[in-house]
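Participant: Take this structure, written in structure tokens, and hold onto it; I'll ask about it next.
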Amino acid sequence: MANRWRDTGLRYGLVTRLFHWSMAILICWQFSGLVLGRLFGRSGLTDFLNSTHGSLGATVLIMAAARALWGFYNLKDRPAHERGLLGHAARTGHVVLYLLMLAVPGLALLRAFGSEWGLTLYGLQIVERGGENIGWMIAPARLLHGTLAWTLLAMVGGHIAMVLIHRFVWKDEVLNRMAGPARQVTPAE
Ligand code: HEM
């Protein structure tokens, strides 16, 4: 029973899957308003999708931190990457995804805490408008928030492309580790 929640050498467990798929939905929501706005201009739909930008970003930050801790806790029990260059690339890609999921919202929140615009999260006024602008808190996000966010989108695209190649070209088990049955069924069951 415990195996359903924890990762094993063959499968990701339910906790990891919950993190993975719920964050996939949140990140998809986050980018859908931004991408639609870029492609077709501002509309009621993009205003609606973007109205949750800060709160949704803060949620992604909290979940990415919790997910990273859970990942470290399960590190020895997770499905291993394959050997060689491809395995190295996959490992590096996952580490970069984690760093971006932390840095993109983290830098934006730092900027919000140090700027005159104030910050409202989940409907709560966290920082009042009209404070002073603190240069070192604002500069990193001004420089990097957008660029790193689009890099994150590109990395997510690459991640999905690789999963599809694993599934339909190499026809291996990689997608099943995150989407197949969470528990390994043994012949004794
Ligand atoms: C998963 C988390 C996040 C993602 C993926 C994300 C993504 C983006 C993207 C793609 C842009 C547009 C950049 C452009 O126009 O080229 C943007 C802009 C912006 N975001 Fe975020 N964001 C996240 C979290 C946050 C958070 C937590 C805040 C603040 C509370 C925030 C505040 C802003 C602001 C103020 C802008 C407009 C100014 C700018 O481009 O830097 N974002 N974000």
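Ligands are numbered from 1 in the order shown, residues from 1 within each chain, and chains are lettered A, B, ... in the order they appear in the structure tokens.
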Please check which protein, DNA or RNA residues sit within 10 Å of ligand 1, counting only C-alpha atoms and all ligand atoms, and write them as a PyMOL selection string.

Facilitator: chain A and resi 23+26-35+37-38+50+52-61+64+100-113+117-121+138+140-153

Participant: Based on DSSP run over this structure's backbone, return all residues of stretch 19-137 of chain A in strand (DSSP E), as a PyMOL selection string.

Facilitator: chain A and resi 119-121+124-127

Participant: Find the residues around stretch 178-181 of chain A up to 10 Å (only C-alpha atoms counted), leave out those fewer than 4 positions away in its own chain, and share them as a PyMOL selection string.

Facilitator: chain A and resi 4+10-14+16-18+20-21+173-174+185

Participant: For A:Arg67, work out the shell of residues within 9 Å, counting only C-alpha atoms and skipping chain neighbours fewer than 3 positions away, then give it as a ChimeraX atom specification.

Facilitator: /A:15-16,19-20,62-64,70-72,98

Participant: What's around A:Asp172 at 12 Å? Count only C-alpha atoms, leave out sequence neighbours fewer than 5 positions away in its own chain, and write the answer as a ChimeraX atom specification.

Facilitator: /A:82,162-167,177

Participant: To one decimal place in Å, what is the distance between atom CA of A:Leu97 and atom CA of A:Arg42?

Facilitator: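 The value is 28.3 Å.
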
Participant: May I ask which of the residues A:His94, A:Thr8, A:Gly87, A:Met155 is the closest one to A:Tyr73, counting only C-alpha atoms?

Facilitator: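 Once distances to A:Tyr73 are computed over only C-alpha atoms, the minimum belongs to A:Thr8.
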
Participant: In Å, how far is it from atom CA of A:Lys76 to atom CA of A:Ser22?

Facilitator: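 About the pair atom CA of A:Lys76 and atom CA of A:Ser22: they are 23.6 Å apart.
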
Participant: For atom CA of A:Gly44 and atom CA of A:Gly123, determine how far apart the two atoms are, in Å to one decimal place.

Facilitator: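 Separation of atom CA of A:Gly44 and atom CA of A:Gly123: 19.8 Å.
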